[in-house]
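Peer 1: First, the structure itself, so that you have it in front of you.
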Amino acid sequence: MSVADVVREIGLSRAELFKRRAAGTFPAAVPLGERRIAFIRSEVDLWIDQRIAARDAGRAA
């Protein structure tokens with residue numbers, strides 16, 4: 001997925017995406033070239049699923 005696709009999918013800004021990536025709280029990017037990166041869709045989907053599970057676990061407590 002391109003950065004633009006990820007931003008659209010997760011609903012966060014590009015800056016927030018890179019902040020979370022740098023902090024290690026978002027899946028790592030795959031370098032495609034000197035100035036181009038992409039993300040693996042299944043890893044982004046898993047990140048979203050984990051956020052949903054964390055939300056749901058909070059409700060059950």
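Lettering and numbering for the structure tokens are positional, with chains as A, B, ... in the shown order, residues counted from 1 in each chain, and ligands counted from 1 in the shown order.
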Would you list the contacts of range 21-26 of chain A as an MDAnalysis selection string, taking every protein, DNA or RNA residue within 12 Å and counting only C-alpha atoms, but skipping same-chain residues closer than 3 positions in sequence?
Peer 2: chainID A and resid 3 6 10 12 14:18 29:30 39:40 43:48 50:51
Peer 1: If you run DSSP over the backbone, which residues in chain A end up helix (DSSP H, G or I)? Put them as a PyMOL selection string.
Peer 2: chain A and resi 3-10+14-23+41-60
Peer 1: Among chain A, which ones does DSSP assign to strand (DSSP E or B) (computed from the backbone)? Answer as a list in words.
Peer 2: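 Result set for chain A (strand (DSSP E or B)): Val30, Pro31, Leu32, Gly33, Arg36, Ile37 and Ala38 of chain A.
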Peer 1: Take the residues just selected and output them with N, CA and C atoms as a compact mmCIF listing (two decimals), in the first residue's frame.
Peer 2:
# COMPACT_ATOMS: atom_id res chain seq x y z
N VAL A 30 8.20 -1.04 3.72
CA VAL A 30 9.07 -1.78 2.82
C VAL A 30 9.66 -0.79 1.82
N PRO A 31 10.98 -0.65 1.78
CA PRO A 31 11.57 0.29 0.82
C PRO A 31 11.41 -0.24 -0.61
N LEU A 32 10.95 0.63 -1.49
CA LEU A 32 10.77 0.25 -2.90
C LEU A 32 11.84 0.89 -3.78
N GLY A 33 12.43 1.92 -3.28
CA GLY A 33 13.46 2.64 -4.02
C GLY A 33 14.11 3.62 -3.07
N ARG A 36 11.03 5.91 -2.01
CA ARG A 36 9.67 5.36 -2.09
C ARG A 36 9.54 4.19 -1.13
N ILE A 37 8.44 4.20 -0.37
CA ILE A 37 8.15 3.10 0.55
C ILE A 37 6.71 2.65 0.34
N ALA A 38 6.42 1.47 0.86
CA ALA A 38 5.06 0.94 0.82
C ALA A 38 4.85 0.14 2.10
Peer 1: Choose the residue, out of A:Arg20, A:Arg59, A:Ser13, A:Met1, that has the smallest atom-to-atom separation from Ser42 in chain A; count only C-alpha atoms.
Peer 2: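 With only C-alpha atoms as the atom set, the closest residue is A:Met1.
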